[in-house]
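Report on the structure given below.
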Amino acid sequence: MHNGSAATTWDWAPGGRQPVSQTQRDRGQEWVDRQFYSIVTDLDRHRGRTFGNQQPESLDAEREVMRRNGVTPTTPGTSEFDAMINSGDGQLKWVVTDSGELRVAPHTVNGGEISHAAIADGGRVRAAGQANVAGGSDAGCFGLEIDNHSGHCFHGVAHDGDAVIQEGVDAFGRYGVPDTWERSPVGGG
């Protein structure tokens, strides 16, 4: 039994109703907060963090690669997304913007690699990486592989690769792409 800060527990003899020990604890909220602070904060250490473009001097040229190749970032569930995954090898680059919007583009078009910074239009991101997706809007999409590889966002920047990937998985999930991903975190620090 407990009253909010104190608890009494009993250990019972096997197969019976005979108590063999009694433990009393009287711990206030301050003690609980000290003991469990690191667990709660560690689970949430990535939330709210954003990452900027580590190569801003290249942004204009990278936007030009997108423009020249007719690339416009899109989201799952659109005809543009379906065309993107069905016309190439399924390799995509993705970002989750600082406002939580998922944007995807092909990894490479006509030999020109599309940058995460250009997909994010130069803005800060919560997460970025590469992914392979199969399927389409009619039959449904499913994720094959996802990682946090992005030299534009994470080069020389300490980050939690697993948390970045989870942010991407969650964003794809909001568009109906189920969590069937093989996760491949890279770097992080």
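Starting from 1 in every chain, residues are counted up; chains themselves are A, B, ... following the order of the structure tokens, and ligands are numbered from 1 as listed.
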Extract, using only C-alpha atoms, all DNA, RNA and protein residues at most 10 Å from Arg49 (chain A), discarding same-chain residues fewer than 5 positions from it, and format them as a CSV table (one decimal) with N, CA and C atoms, in the first residue's frame.
```csv
chain,number,residue,atom,x,y,z
A,98,ASP,N,12.6,21.7,-39.8
A,98,ASP,CA,12.4,22.1,-38.4
A,98,ASP,C,11.0,22.2,-38.0
A,124,ARG,N,16.9,24.8,-41.6
A,124,ARG,CA,17.3,23.8,-40.6
A,124,ARG,C,16.4,22.6,-40.7
A,125,VAL,N,17.0,21.4,-40.3
A,125,VAL,CA,16.3,20.2,-40.3
A,125,VAL,C,16.3,19.5,-38.9
A,126,ARG,N,15.3,18.7,-38.6
A,126,ARG,CA,15.3,17.8,-37.4
A,126,ARG,C,16.1,16.6,-37.7
A,127,ALA,N,16.0,16.1,-39.0
A,127,ALA,CA,16.7,14.9,-39.4
A,127,ALA,C,16.8,14.8,-40.9
A,159,HIS,N,25.7,13.9,-33.2
A,159,HIS,CA,24.2,13.7,-33.2
A,159,HIS,C,23.9,12.2,-32.8
A,164,VAL,N,17.9,10.3,-35.0
A,164,VAL,CA,17.7,10.9,-36.3
A,164,VAL,C,16.9,10.0,-37.2
```
**Request:** Using backbone DSSP assignments, extract all helix (DSSP H, G or I) residues from region 61-156 of chain A; output them as a PyMOL selection string.
**Result:** chain A and resi 61-68+79-87+116-119+151-154
**Request:** Please provide the set of residues having any atom within 12 Å of Met84 (chain A), restricted to only C-alpha atoms, with same-chain residues fewer than 6 positions apart removed, written as number ranges by chain.
**Result:** A: 70-78, 90-93, 104-109, 132-137
Produce a file of the selected residues containing C-alpha atoms, as a JSON list (two decimals), in the first residue's frame.
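Output file part.json is given in full below:
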```json
[["chain", "number", "residue", "atom", "x", "y", "z"],
["A", 70, "GLY", "CA", 13.24, 19.39, -62.72],
["A", 71, "VAL", "CA", 13.41, 18.06, -59.14],
["A", 72, "THR", "CA", 10.84, 19.32, -56.67],
["A", 73, "PRO", "CA", 10.79, 17.77, -53.19],
["A", 74, "THR", "CA", 7.60, 15.85, -52.49],
["A", 75, "THR", "CA", 5.99, 13.56, -49.92],
["A", 76, "PRO", "CA", 4.75, 9.94, -49.94],
["A", 77, "GLY", "CA", 1.24, 9.44, -51.24],
["A", 78, "THR", "CA", 1.61, 11.78, -54.21],
["A", 90, "GLY", "CA", 14.18, 3.58, -55.19],
["A", 91, "GLN", "CA", 17.08, 5.44, -53.55],
["A", 92, "LEU", "CA", 15.81, 8.67, -51.99],
["A", 93, "LYS", "CA", 17.14, 11.46, -49.87],
["A", 104, "VAL", "CA", 11.91, 13.60, -50.24],
["A", 105, "ALA", "CA", 13.75, 13.75, -53.55],
["A", 106, "PRO", "CA", 15.68, 11.28, -55.69],
["A", 107, "HIS", "CA", 19.24, 10.64, -54.58],
["A", 108, "THR", "CA", 20.66, 11.33, -58.05],
["A", 109, "VAL", "CA", 19.18, 12.66, -61.31],
["A", 132, "ASN", "CA", 15.02, 2.93, -50.20],
["A", 133, "VAL", "CA", 11.26, 2.68, -50.59],
["A", 134, "ALA", "CA", 9.20, 0.23, -52.64],
["A", 135, "GLY", "CA", 5.56, 0.11, -53.69],
["A", 136, "GLY", "CA", 3.29, 3.01, -54.50],
["A", 137, "SER", "CA", 0.16, 4.87, -53.46]]
```
**Item:** Distance criterion (only C-alpha atoms): nearest to Pro185 (chain A) out of A:Cys141, A:Ala171, A:Asp89, A:Gly129
**Value:**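 Checking each of A:Cys141, A:Ala171, A:Asp89, A:Gly129 against Pro185 (chain A), counting only C-alpha atoms, the winner is A:Gly129.
The shortest atom-to-atom distance to Gly111 (chain A), with only C-alpha atoms taken into account, belongs to A:Arg68 out of A:Asp60, A:Arg68, A:Gly173, A:Val157.
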